[in-house]
>>> print(open('entry.cif').read())   # mmCIF, C-alpha atoms
data_my_file
#
loop_
_atom_site.group_PDB
_atom_site.id
_atom_site.type_symbol
_atom_site.label_atom_id
_atom_site.label_comp_id
_atom_site.auth_asym_id
_atom_site.auth_seq_id
_atom_site.Cartn_x
_atom_site.Cartn_y
_atom_site.Cartn_z
ATOM 1 C CA MET A 1 32.750 245.273 88.826
ATOM 2 C CA PRO A 2 34.194 241.730 88.977
ATOM 3 C CA PRO A 3 37.867 241.364 89.971
ATOM 4 C CA SER A 4 40.394 241.348 87.144
ATOM 5 C CA PRO A 5 41.380 237.856 85.987
ATOM 6 C CA THR A 6 44.931 236.618 85.718
ATOM 7 C CA VAL A 7 44.573 235.717 82.037
ATOM 8 C CA SER A 8 42.561 237.237 79.196
ATOM 9 C CA VAL A 9 42.187 235.016 76.135
ATOM 10 C CA VAL A 10 41.230 236.757 72.880
ATOM 11 C CA SER A 11 40.080 235.005 69.716
ATOM 12 C CA PRO A 12 38.761 236.710 66.555
ATOM 13 C CA VAL A 13 35.899 234.630 65.177
ATOM 14 C CA TYR A 14 35.137 234.167 61.487
ATOM 15 C CA HIS A 15 33.462 231.015 60.177
ATOM 16 C CA GLY A 16 33.555 229.758 63.768
ATOM 17 C CA ARG A 17 29.917 228.858 64.371
ATOM 18 C CA ASP A 18 30.744 225.161 64.838
ATOM 19 C CA THR A 19 33.945 225.627 66.863
ATOM 20 C CA VAL A 20 33.469 228.370 69.484
ATOM 21 C CA ALA A 21 31.740 226.139 72.057
ATOM 22 C CA GLU A 22 34.505 223.529 71.897
ATOM 23 C CA LEU A 23 37.140 226.273 71.898
ATOM 24 C CA VAL A 24 35.760 227.743 75.126
ATOM 25 C CA ARG A 25 35.521 224.282 76.723
ATOM 26 C CA ARG A 26 39.171 223.509 75.913
ATOM 27 C CA ILE A 27 40.431 226.906 77.101
ATOM 28 C CA GLN A 28 38.601 226.660 80.397
ATOM 29 C CA ALA A 29 39.732 223.077 80.984
ATOM 30 C CA SER A 30 43.343 224.086 80.389
ATOM 31 C CA LEU A 31 43.393 227.275 82.486
ATOM 32 C CA ALA A 32 41.144 226.115 85.316
ATOM 33 C CA GLY A 33 43.181 222.934 85.606
ATOM 34 C CA ALA A 34 46.327 225.050 86.051
ATOM 35 C CA GLY A 35 44.649 227.344 88.589
ATOM 36 C CA TYR A 36 44.423 230.498 86.463
ATOM 37 C CA SER A 37 41.443 232.819 86.778
ATOM 38 C CA HIS A 38 40.491 233.948 83.294
ATOM 39 C CA GLU A 39 38.161 235.647 80.868
ATOM 40 C CA ILE A 40 37.585 234.693 77.232
ATOM 41 C CA ILE A 41 36.843 237.410 74.668
ATOM 42 C CA LEU A 42 35.319 236.266 71.378
ATOM 43 C CA VAL A 43 35.134 238.914 68.638
ATOM 44 C CA ASP A 44 32.684 238.218 65.803
ATOM 45 C CA ASP A 45 34.166 239.860 62.703
ATOM 46 C CA ALA A 46 30.739 240.158 61.005
ATOM 47 C CA CYS A 47 30.810 236.487 60.043
ATOM 48 C CA PRO A 48 28.255 235.704 57.264
ATOM 49 C CA GLN A 49 27.628 232.240 58.734
ATOM 50 C CA ASP A 50 26.071 233.656 61.928
ATOM 51 C CA SER A 51 28.870 232.841 64.357
ATOM 52 C CA TRP A 52 27.270 235.440 66.624
ATOM 53 C CA SER A 53 24.429 233.092 67.573
ATOM 54 C CA ALA A 54 26.932 230.513 68.774
ATOM 55 C CA ILE A 55 28.861 233.185 70.706
ATOM 56 C CA ARG A 56 25.692 234.440 72.391
ATOM 57 C CA GLN A 57 24.790 230.913 73.426
ATOM 58 C CA VAL A 58 28.217 230.320 74.970
ATOM 59 C CA CYS A 59 28.077 233.676 76.775
ATOM 60 C CA ALA A 60 24.644 232.847 78.205
ATOM 61 C CA GLN A 61 26.049 229.666 79.699
ATOM 62 C CA ASN A 62 29.267 231.177 81.069
ATOM 63 C CA PRO A 63 29.721 234.669 82.567
ATOM 64 C CA HIS A 64 33.488 234.456 82.030
ATOM 65 C CA VAL A 65 32.983 234.598 78.255
ATOM 66 C CA ILE A 66 32.592 238.034 76.642
ATOM 67 C CA GLY A 67 31.105 238.336 73.179
ATOM 68 C CA ILE A 68 31.732 241.326 70.899
ATOM 69 C CA ARG A 69 30.013 241.752 67.540
ATOM 70 C CA LEU A 70 31.426 244.210 64.988
ATOM 71 C CA THR A 71 29.252 246.171 62.586
ATOM 72 C CA ARG A 72 31.191 245.020 59.521
ATOM 73 C CA ASN A 73 34.041 242.759 58.509
ATOM 74 C CA VAL A 74 37.336 244.555 59.213
ATOM 75 C CA GLY A 75 39.784 241.654 59.034
ATOM 76 C CA GLN A 76 41.441 239.440 61.623
ATOM 77 C CA HIS A 77 43.969 241.954 62.931
ATOM 78 C CA ARG A 78 41.525 244.814 63.485
ATOM 79 C CA ALA A 79 39.018 242.432 65.066
ATOM 80 C CA LEU A 80 41.806 241.209 67.331
ATOM 81 C CA ARG A 81 42.525 244.788 68.395
ATOM 82 C CA ALA A 82 38.865 245.195 69.387
ATOM 83 C CA GLY A 83 39.301 242.273 71.781
ATOM 84 C CA LEU A 84 42.718 243.332 73.064
ATOM 85 C CA MET A 85 41.344 246.772 73.934
ATOM 86 C CA ARG A 86 38.990 245.112 76.411
ATOM 87 C CA CYS A 87 41.442 242.777 78.155
ATOM 88 C CA ARG A 88 41.692 243.108 81.936
ATOM 89 C CA GLY A 89 44.084 240.269 82.713
ATOM 90 C CA ASP A 90 47.692 240.447 83.857
ATOM 91 C CA TYR A 91 48.524 238.259 80.856
ATOM 92 C CA VAL A 92 46.932 238.102 77.418
ATOM 93 C CA ALA A 93 46.734 235.033 75.192
ATOM 94 C CA VAL A 94 45.831 235.218 71.491
ATOM 95 C CA LEU A 95 44.722 232.209 69.471
ATOM 96 C CA ASP A 96 42.620 231.369 66.429
ATOM 97 C CA CYS A 97 39.071 230.062 66.674
ATOM 98 C CA ASP A 98 39.513 227.086 64.299
ATOM 99 C CA LEU A 99 40.877 224.717 67.022
ATOM 100 C CA GLN A 100 44.261 224.407 65.307
ATOM 101 C CA ASP A 101 45.886 226.275 68.223
ATOM 102 C CA ASP A 102 45.826 223.774 71.096
ATOM 103 C CA PRO A 103 44.661 225.464 74.342
ATOM 104 C CA ALA A 104 46.360 222.699 76.330
ATOM 105 C CA VAL A 105 49.644 224.549 75.673
ATOM 106 C CA LEU A 106 48.439 227.730 77.420
ATOM 107 C CA PRO A 107 49.853 226.906 80.900
ATOM 108 C CA ALA A 108 53.310 226.260 79.428
ATOM 109 C CA LEU A 109 53.203 229.567 77.505
ATOM 110 C CA LEU A 110 52.101 231.412 80.630
ATOM 111 C CA GLU A 111 54.904 229.913 82.706
ATOM 112 C CA ARG A 112 57.469 231.232 80.236
ATOM 113 C CA ALA A 113 55.825 234.676 80.305
ATOM 114 C CA ARG A 114 55.974 234.657 84.116
ATOM 115 C CA GLU A 115 59.710 234.057 83.866
ATOM 116 C CA GLY A 116 60.014 237.581 82.474
ATOM 117 C CA PHE A 117 59.755 237.227 78.690
ATOM 118 C CA ALA A 118 57.858 240.052 76.990
ATOM 119 C CA VAL A 119 56.472 237.784 74.245
ATOM 120 C CA VAL A 120 56.050 234.005 74.196
ATOM 121 C CA TYR A 121 55.326 232.380 70.833
ATOM 122 C CA ALA A 122 53.828 228.967 70.163
ATOM 123 C CA ARG A 123 56.290 227.950 67.439
ATOM 124 C CA ARG A 124 54.826 225.441 65.018
ATOM 125 C CA HIS A 125 56.626 222.141 64.637
ATOM 126 C CA ARG A 126 58.224 221.945 61.198
ATOM 127 C CA ARG A 127 56.201 219.993 58.678
ATOM 128 C CA GLU A 128 58.023 217.753 56.235
ATOM 129 C CA PRO A 129 57.743 218.393 53.407
ATOM 130 C CA ALA A 130 56.954 222.085 53.864
ATOM 131 C CA SER A 131 53.675 223.198 52.306
ATOM 132 C CA ILE A 132 53.405 225.890 49.643
ATOM 133 C CA ARG A 133 51.955 228.255 52.266
ATOM 134 C CA ASP A 134 54.849 227.586 54.641
ATOM 135 C CA ARG A 135 57.361 228.363 51.901
ATOM 136 C CA GLY A 136 55.397 231.467 50.910
ATOM 137 C CA ALA A 137 55.330 232.710 54.525
ATOM 138 C CA GLY A 138 59.094 232.228 54.784
ATOM 139 C CA ALA A 139 59.665 234.183 51.563
ATOM 140 C CA PHE A 140 57.328 236.970 52.720
ATOM 141 C CA TYR A 141 59.141 237.456 56.029
ATOM 142 C CA ARG A 142 62.548 237.445 54.313
ATOM 143 C CA ILE A 143 61.360 240.213 51.979
ATOM 144 C CA VAL A 144 59.945 242.195 54.918
ATOM 145 C CA SER A 145 63.290 241.846 56.699
ATOM 146 C CA LEU A 146 65.144 243.063 53.602
ATOM 147 C CA LEU A 147 62.868 246.086 53.204
ATOM 148 C CA SER A 148 62.727 247.051 56.866
ATOM 149 C CA GLY A 149 66.321 246.346 57.826
ATOM 150 C CA ALA A 150 65.074 244.388 60.873
ATOM 151 C CA PRO A 151 66.098 240.808 61.754
ATOM 152 C CA PRO A 152 64.004 238.202 59.906
ATOM 153 C CA ILE A 153 60.787 236.927 61.461
ATOM 154 C CA ASP A 154 60.513 233.203 62.101
ATOM 155 C CA ALA A 155 57.796 231.985 59.714
ATOM 156 C CA ARG A 156 56.897 229.190 62.139
ATOM 157 C CA ARG A 157 55.666 231.749 64.659
ATOM 158 C CA GLY A 158 51.950 232.432 64.348
ATOM 159 C CA MET A 159 49.220 234.358 66.108
ATOM 160 C CA TYR A 160 49.245 231.950 69.077
ATOM 161 C CA THR A 161 51.073 234.064 71.661
ATOM 162 C CA VAL A 162 51.080 235.097 75.320
ATOM 163 C CA LEU A 163 51.965 238.634 76.437
ATOM 164 C CA PRO A 164 52.232 240.307 79.835
ATOM 165 C CA ARG A 165 50.086 243.402 80.191
ATOM 166 C CA SER A 166 53.057 245.748 79.785
ATOM 167 C CA THR A 167 53.689 244.352 76.289
ATOM 168 C CA LEU A 168 49.999 244.615 75.428
ATOM 169 C CA LEU A 169 49.981 248.342 76.188
ATOM 170 C CA LYS A 170 53.104 248.920 74.073
ATOM 171 C CA LEU A 171 51.525 246.968 71.213
ATOM 172 C CA LEU A 172 48.264 248.933 71.301
ATOM 173 C CA ALA A 173 50.144 252.241 71.382
ATOM 174 C CA ARG A 174 52.355 251.221 68.443
ATOM 175 C CA GLN A 175 49.721 249.852 66.050
ATOM 176 C CA ASP A 176 48.730 251.900 63.022
ATOM 177 C CA ALA A 177 45.514 251.724 60.982
ATOM 178 C CA ASN A 178 46.405 248.262 59.610
ATOM 179 C CA CYS A 179 46.797 246.841 63.155
ATOM 180 C CA ARG A 180 49.303 244.195 62.022
ATOM 181 C CA TYR A 181 49.758 241.993 65.076
ATOM 182 C CA LEU A 182 52.906 239.933 64.427
ATOM 183 C CA LEU A 183 54.731 242.651 62.467
ATOM 184 C CA THR A 184 54.061 245.185 65.238
ATOM 185 C CA LEU A 185 55.189 242.750 67.939
ATOM 186 C CA HIS A 186 58.369 242.040 66.019
ATOM 187 C CA GLY A 187 58.986 245.763 65.574
ATOM 188 C CA LEU A 188 58.959 246.282 69.339
ATOM 189 C CA SER A 189 62.173 244.187 69.594
ATOM 190 C CA LEU A 190 61.291 242.801 73.024
ATOM 191 C CA PRO A 191 62.788 239.729 74.748
ATOM 192 C CA SER A 192 60.912 236.670 73.511
ATOM 193 C CA ALA A 193 60.749 232.913 73.970
ATOM 194 C CA ASP A 194 59.360 230.017 71.938
ATOM 195 C CA ILE A 195 57.617 226.791 72.817
ATOM 196 C CA GLU A 196 57.485 224.129 70.134
ATOM 197 C CA VAL A 197 53.907 223.011 69.424
ATOM 198 C CA ILE A 198 52.134 220.752 66.971
ATOM 199 C CA ARG A 199 49.409 222.570 65.077
ATOM 200 C CA LEU A 200 46.213 220.510 65.167
ATOM 201 C CA PRO A 201 44.166 219.660 62.063
ATOM 202 C CA ARG A 202 41.417 222.108 61.176
ATOM 203 C CA ALA A 203 38.202 220.884 62.798
ATOM 204 C CA VAL A 204 35.687 222.319 60.333
ATOM 205 C CA GLY A 205 35.907 223.769 56.813
ATOM 206 C CA GLY A 206 38.914 225.469 55.251
ATOM 207 C CA SER A 207 40.907 228.646 55.698
ATOM 208 C CA SER A 208 39.128 231.954 55.031
ATOM 209 C CA TYR A 209 42.394 233.262 53.560
ATOM 210 C CA GLY A 210 42.296 232.507 49.848
ATOM 211 C CA TRP A 211 45.298 233.075 47.598
ATOM 212 C CA ILE A 212 44.106 236.471 46.361
ATOM 213 C CA ARG A 213 43.535 237.693 49.910
ATOM 214 C CA LEU A 214 46.919 236.342 51.030
ATOM 215 C CA LEU A 215 48.675 238.126 48.175
ATOM 216 C CA ARG A 216 46.896 241.407 48.987
ATOM 217 C CA LEU A 217 47.795 241.164 52.682
ATOM 218 C CA SER A 218 51.387 240.271 51.801
ATOM 219 C CA TRP A 219 51.679 243.320 49.551
ATOM 220 C CA GLU A 220 50.266 245.605 52.248
ATOM 221 C CA GLY A 221 52.647 244.133 54.815
ATOM 222 C CA MET A 222 55.691 244.605 52.587
ATOM 223 C CA VAL A 223 54.754 248.204 51.763
ATOM 224 C CA SER A 224 54.183 249.088 55.424
ATOM 225 C CA ALA A 225 57.503 247.506 56.428
ATOM 226 C CA SER A 226 59.640 249.025 53.683
ATOM 227 C CA ALA A 227 61.490 251.509 55.893
ATOM 228 C CA ARG A 228 64.840 250.793 54.260
ATOM 229 C CA SER A 229 63.548 251.408 50.726
ATOM 230 C CA ARG A 230 61.899 254.668 51.869
ATOM 231 C CA ARG A 231 65.186 255.879 53.366
ATOM 232 C CA TRP A 232 67.153 255.212 50.195
ATOM 233 C CA ALA A 233 64.534 256.322 47.655
ATOM 234 C CA ILE A 234 65.127 260.064 48.123
ATOM 235 C CA PRO A 235 68.977 260.181 47.994
ATOM 236 C CA VAL A 236 69.213 257.615 45.176
ATOM 237 C CA GLY A 237 66.519 259.402 43.172
ATOM 238 C CA LEU A 238 68.196 262.765 43.648
ATOM 239 C CA LEU A 239 71.570 261.312 42.658
ATOM 240 C CA VAL A 240 70.170 259.821 39.441
ATOM 241 C CA ALA A 241 68.220 262.991 38.602
ATOM 242 C CA GLY A 242 71.223 265.182 39.377
ATOM 243 C CA THR A 243 73.470 263.120 37.132
ATOM 244 C CA GLY A 244 70.993 263.400 34.282
ATOM 245 C CA PHE A 245 70.536 267.135 34.803
ATOM 246 C CA PHE A 246 74.307 267.699 34.926
ATOM 247 C CA GLY A 247 74.714 265.778 31.681
ATOM 248 C CA VAL A 248 71.984 267.790 29.971
ATOM 249 C CA CYS A 249 73.581 271.089 31.053
ATOM 250 C CA LEU A 250 77.060 270.118 29.885
ATOM 251 C CA ALA A 251 75.769 268.832 26.571
ATOM 252 C CA ALA A 252 73.680 271.972 26.033
ATOM 253 C CA PHE A 253 76.779 274.142 26.349
ATOM 254 C CA GLY A 254 78.856 271.835 24.187
ATOM 255 C CA LYS A 255 81.090 270.700 27.026
ATOM 256 C CA LEU A 256 80.670 266.999 26.294
ATOM 257 C CA PRO A 257 83.167 266.006 23.587
ATOM 258 C CA TRP A 258 81.134 262.975 22.598
ATOM 259 C CA SER A 259 77.726 264.731 22.479
ATOM 260 C CA ALA A 260 77.941 265.383 18.721
ATOM 261 C CA SER A 261 79.070 261.883 17.814
ATOM 262 C CA LEU A 262 76.929 259.860 20.243
ATOM 263 C CA PRO A 263 73.433 259.353 18.808
ATOM 264 C CA GLY A 264 70.575 259.641 21.285
ATOM 265 C CA TRP A 265 72.564 261.356 24.051
ATOM 266 C CA ARG A 266 69.671 263.704 24.813
ATOM 267 C CA LEU A 267 67.340 260.731 25.284
ATOM 268 C CA LEU A 268 69.960 259.037 27.466
ATOM 269 C CA CYS A 269 70.187 262.045 29.774
ATOM 270 C CA ALA A 270 66.386 262.307 29.892
ATOM 271 C CA PHE A 271 66.189 258.650 30.894
ATOM 272 C CA ALA A 272 68.422 259.462 33.846
ATOM 273 C CA LEU A 273 66.651 262.694 34.767
ATOM 274 C CA ALA A 274 62.988 261.624 34.642
ATOM 275 C CA PRO A 275 63.193 258.363 36.669
ATOM 276 C CA GLY A 276 65.354 260.097 39.263
ATOM 277 C CA ILE A 277 62.704 262.782 39.770
ATOM 278 C CA VAL A 278 59.966 260.132 39.987
ATOM 279 C CA VAL A 279 61.863 257.940 42.497
ATOM 280 C CA SER A 280 62.785 260.852 44.781
ATOM 281 C CA GLY A 281 59.199 262.153 44.582
ATOM 282 C CA LEU A 282 57.809 258.753 45.564
ATOM 283 C CA GLY A 283 60.303 258.642 48.412
ATOM 284 C CA LEU A 284 59.068 261.998 49.706
ATOM 285 C CA ILE A 285 55.446 260.853 49.483
ATOM 286 C CA ALA A 286 56.282 257.599 51.286
ATOM 287 C CA ARG A 287 58.062 259.479 54.071
ATOM 288 C CA ARG A 288 55.033 261.740 54.438
ATOM 289 C CA LEU A 289 52.709 258.757 54.660
ATOM 290 C CA GLU A 290 55.036 257.054 57.136
ATOM 291 C CA ARG A 291 54.937 260.070 59.448
ATOM 292 C CA SER A 292 51.150 260.304 59.241
ATOM 293 C CA ARG A 293 50.786 256.587 60.019
ATOM 294 C CA SER A 294 53.161 256.743 62.988
ATOM 295 C CA VAL A 295 50.752 259.052 64.800
ATOM 296 C CA PRO A 296 48.673 257.107 67.355
ATOM 297 C CA LEU A 297 45.211 256.142 66.164
ATOM 298 C CA LYS A 298 42.733 258.954 66.724
ATOM 299 C CA GLU A 299 39.836 256.638 65.933
ATOM 300 C CA GLU A 300 39.536 252.878 66.270
ATOM 301 C CA PRO A 301 39.280 251.055 62.901
ATOM 302 C CA TYR A 302 36.144 249.139 63.918
ATOM 303 C CA ARG A 303 32.637 249.711 65.302
ATOM 304 C CA ILE A 304 30.876 247.488 67.833
ATOM 305 C CA ARG A 305 27.279 246.586 67.108
ATOM 306 C CA GLU A 306 26.578 244.787 70.374
ATOM 307 C CA SER A 307 28.287 242.883 73.169
ATOM 308 C CA VAL A 308 27.416 240.268 75.796
ATOM 309 C CA ASN A 309 28.744 240.038 79.381
ATOM 310 C CA GLU A 310 30.781 243.224 78.856
ATOM 311 C CA ALA A 311 28.784 245.710 80.960
ATOM 312 C CA GLY A 312 30.982 247.909 83.100
ATOM 313 C CA LEU A 313 34.298 246.572 81.789
ATOM 314 C CA PRO A 314 36.835 249.284 80.888
ATOM 315 C CA ALA A 315 39.110 249.271 77.855
ATOM 316 C CA ALA A 316 42.776 248.403 78.271
ATOM 317 C CA SER A 317 44.735 251.179 79.932
#
>>> encode(input="entry.cif", output="C-alpha cells")
Amino acid sequence: MPPSPTVSVVSPVYHGRDTVAELVRRIQASLAGAGYSHEIILVDDACPQDSWSAIRQVCAQNPHVIGIRLTRNVGQHRALRAGLMRCRGDYVAVLDCDLQDDPAVLPALLERAREGFAVVYARRHRREPASIRDRGAGAFYRIVSLLSGAPPIDARRGMYTVLPRSTLLKLLARQDANCRYLLTLHGLSLPSADIEVIRLPRAVGGSSYGWIRLLRLSWEGMVSASARSRRWAIPVGLLVAGTGFFGVCLAAFGKLPWSASLPGWRLLCAFALAPGIVVSGLGLIARRLERSRSVPLKEEPYRIRESVNEAGLPAAS
C-alpha cells in the first residue's frame, strides 16, 4: 500500500467532462510547488455527459488521481461523502470541479489549518452589486439560524474548505442521510478561520443548480435545521389545545357568563383546540424523526459502480 499523503483533495464531478483535466493540473501545480504530497479523489455523480471518460483518462495518466463512479445521481453532498470516506491524508481539501475555486489558494488554506484551526474556509470576496443568488443564500442562512438557534452562517463561505483529519472524522460521524456538508460543519461549532478569495469565472457551461432545485434544497435544509421550532411546537401546541379544551368545558357547564350572549363561542373554542392538537402532534412527529436521524448512518447513501487507482485503499477511520 502506498504511504499516506499529506493532503487529500476531493471534488464531486457533475458536468465536468471538459474541466477535470485542467482541475487536476492546477491542483498538482499548486500542491507540488508548495511541497505537499497529495492524492486527488474525483467522484462522478452519474453525470449524463460522460464525465467518467475524462476521469478515467486523467487517472490513467496519473496514479495520484483516484476516480470513483457512482451507480446513480445522489447529489453533490452525498457524492462528496463518498470521496471523503476514502481520504487518507492528514488534511482534506474540498472544492468544486467547475474551476471557480482557485487551487492556487490551497497552500494558504493549508497553512492556516496547520496553525490549529479545525476548519478553514475560502471566503468569497464580496461582489458589488450582490447577485440574486447571493442575496438568496444570505436569506436562507438567516432563516436556518432563526430555526436552529445557532449563530448565523456566513453566506460568503462555500464548499471550498480545508480540514484536518480530526475534523473530517467528526464530520463523517455527525452526518445524517442528507449529508449536508456546510450545515454539518457549522453545527460542530469548531474553531475556524477564513481566507478571502476571488471566485473565478465558470470555465464551461452553467450551474447545474436550477431555481427549482435550489428551492427544494433550501426547504430541506431549513426543515432539517429547525431544532428551535421543534422544541417549541409541543409546549405551544399543548398550551393552545389546553386553553381551547378548558374553554369548552367551562362553557358546557355554563360557567362562562358570556357564552350565551357571544355568538360562535363553540366555534371559537374549537379553533383553539384543533390547531393546538395538530401543532403538538406535528412537534411529536418531528422529535421522533429528529431522534431517528441523529443515529449514525447504518448504510451509506450511495453505491459505487467502479473505481480507478483505488485498489487496497481503506475508508476513512
>>> resolve_selection(input="entry.cif", expression="the PyMOL selection byres ((chain A and resi 32) around 12)", output="VMD selection string")
chain A and resid 5 to 7 24 to 31 33 to 39 64 103 to 104 106 to 107
>>> residues_around(input="entry.cif", residues="Glu196 (chain A)", least_positions_apart="5", cutoff="7 Å", atoms="all atoms listed in the file", output="PyMOL selection string")
chain A and resi 122-125
>>> atom_distance(input="entry.cif", atom1="CA of Glu115 (chain A)", atom2="CA of Asp98 (chain A)")
29.0 Å
>>> closest_residue(input="entry.cif", among="A:Gly16, A:Gly83, A:Cys47, A:Leu95", to="Thr71 (chain A)", atoms="all atoms listed in the file")
A:Cys47
>>> atom_distance(input="entry.cif", atom1="CA of Phe117 (chain A)", atom2="CA of Ala193 (chain A)")
6.5 Å
>>> atom_distance(input="entry.cif", atom1="CA of Arg114 (chain A)", atom2="CA of Glu310 (chain A)")
27.1 Å
>>> axis_aligned_box(input="entry.cif", around="region 51-57 of chain A", padding_each_side="3 Å", output="JSON")
{"center_x": 26.6, "center_y": 233.0, "center_z": 68.9, "size_x": 10.4, "size_y": 10.9, "size_z": 15.1}
>>> residues_around(input="entry.cif", residues="Gly116 (chain A)", least_positions_apart="2", cutoff="12 Å", atoms="only C-alpha atoms", output="list in words")
Tyr91, Leu109, Leu110, Glu111, Arg112, Ala113, Arg114, Ala118, Val119, Val120, Val162, Leu163, Pro164, Arg165, Ser166, Thr167, Leu190, Pro191, Ser192 and Ala193 of chain A
>>> closest_residue(input="entry.cif", among="A:Ile40, A:Ala155, A:Leu80, A:Ile198", to="Cys59 (chain A)", atoms="only C-alpha atoms")
A:Ile40
>>> closest_residue(input="entry.cif", among="A:Ile41, A:Leu182, A:Val20, A:Val105", to="Ala54 (chain A)", atoms="only C-alpha atoms")
A:Val20
>>> closest_residue(input="entry.cif", among="A:Glu22, A:Pro3, A:Ile66, A:Tyr14", to="Glu306 (chain A)", atoms="all atoms listed in the file")
A:Ile66
>>> residues_around(input="entry.cif", residues="region 169-171 of chain A", least_positions_apart="3", cutoff="12 Å", atoms="all atoms listed in the file", output="PyMOL selection string")
chain A and resi 80-81+84-92+118-119+163-166+174-176+179-190+296+315-317
>>> write_last_selection(input="entry.cif", atoms="C-alpha atoms", output="PDB file, keeping the file's coordinate frame")
ATOM      1  CA  LEU A  80      41.806 241.209  67.331  1.00  0.00           C
ATOM      2  CA  ARG A  81      42.525 244.788  68.395  1.00  0.00           C
ATOM      3  CA  LEU A  84      42.718 243.332  73.064  1.00  0.00           C
ATOM      4  CA  MET A  85      41.344 246.772  73.934  1.00  0.00           C
ATOM      5  CA  ARG A  86      38.990 245.112  76.411  1.00  0.00           C
ATOM      6  CA  CYS A  87      41.442 242.777  78.155  1.00  0.00           C
ATOM      7  CA  ARG A  88      41.692 243.108  81.936  1.00  0.00           C
ATOM      8  CA  GLY A  89      44.084 240.269  82.713  1.00  0.00           C
ATOM      9  CA  ASP A  90      47.692 240.447  83.857  1.00  0.00           C
ATOM     10  CA  TYR A  91      48.524 238.259  80.856  1.00  0.00           C
ATOM     11  CA  VAL A  92      46.932 238.102  77.418  1.00  0.00           C
ATOM     12  CA  ALA A 118      57.858 240.052  76.990  1.00  0.00           C
ATOM     13  CA  VAL A 119      56.472 237.784  74.245  1.00  0.00           C
ATOM     14  CA  LEU A 163      51.965 238.634  76.437  1.00  0.00           C
ATOM     15  CA  PRO A 164      52.232 240.307  79.835  1.00  0.00           C
ATOM     16  CA  ARG A 165      50.086 243.402  80.191  1.00  0.00           C
ATOM     17  CA  SER A 166      53.057 245.748  79.785  1.00  0.00           C
ATOM     18  CA  ARG A 174      52.355 251.221  68.443  1.00  0.00           C
ATOM     19  CA  GLN A 175      49.721 249.852  66.050  1.00  0.00           C
ATOM     20  CA  ASP A 176      48.730 251.900  63.022  1.00  0.00           C
ATOM     21  CA  CYS A 179      46.797 246.841  63.155  1.00  0.00           C
ATOM     22  CA  ARG A 180      49.303 244.195  62.022  1.00  0.00           C
ATOM     23  CA  TYR A 181      49.758 241.993  65.076  1.00  0.00           C
ATOM     24  CA  LEU A 182      52.906 239.933  64.427  1.00  0.00           C
ATOM     25  CA  LEU A 183      54.731 242.651  62.467  1.00  0.00           C
ATOM     26  CA  THR A 184      54.061 245.185  65.238  1.00  0.00           C
ATOM     27  CA  LEU A 185      55.189 242.750  67.939  1.00  0.00           C
ATOM     28  CA  HIS A 186      58.369 242.040  66.019  1.00  0.00           C
ATOM     29  CA  GLY A 187      58.986 245.763  65.574  1.00  0.00           C
ATOM     30  CA  LEU A 188      58.959 246.282  69.339  1.00  0.00           C
ATOM     31  CA  SER A 189      62.173 244.187  69.594  1.00  0.00           C
ATOM     32  CA  LEU A 190      61.291 242.801  73.024  1.00  0.00           C
ATOM     33  CA  PRO A 296      48.673 257.107  67.355  1.00  0.00           C
ATOM     34  CA  ALA A 315      39.110 249.271  77.855  1.00  0.00           C
ATOM     35  CA  ALA A 316      42.776 248.403  78.271  1.00  0.00           C
ATOM     36  CA  SER A 317      44.735 251.179  79.932  1.00  0.00           C
TER      37      SER A 317
END
>>> closest_residue(input="entry.cif", among="A:Asn178, A:Thr19, A:Ser51, A:Thr161", to="Gly67 (chain A)", atoms="all atoms listed in the file")
A:Ser51
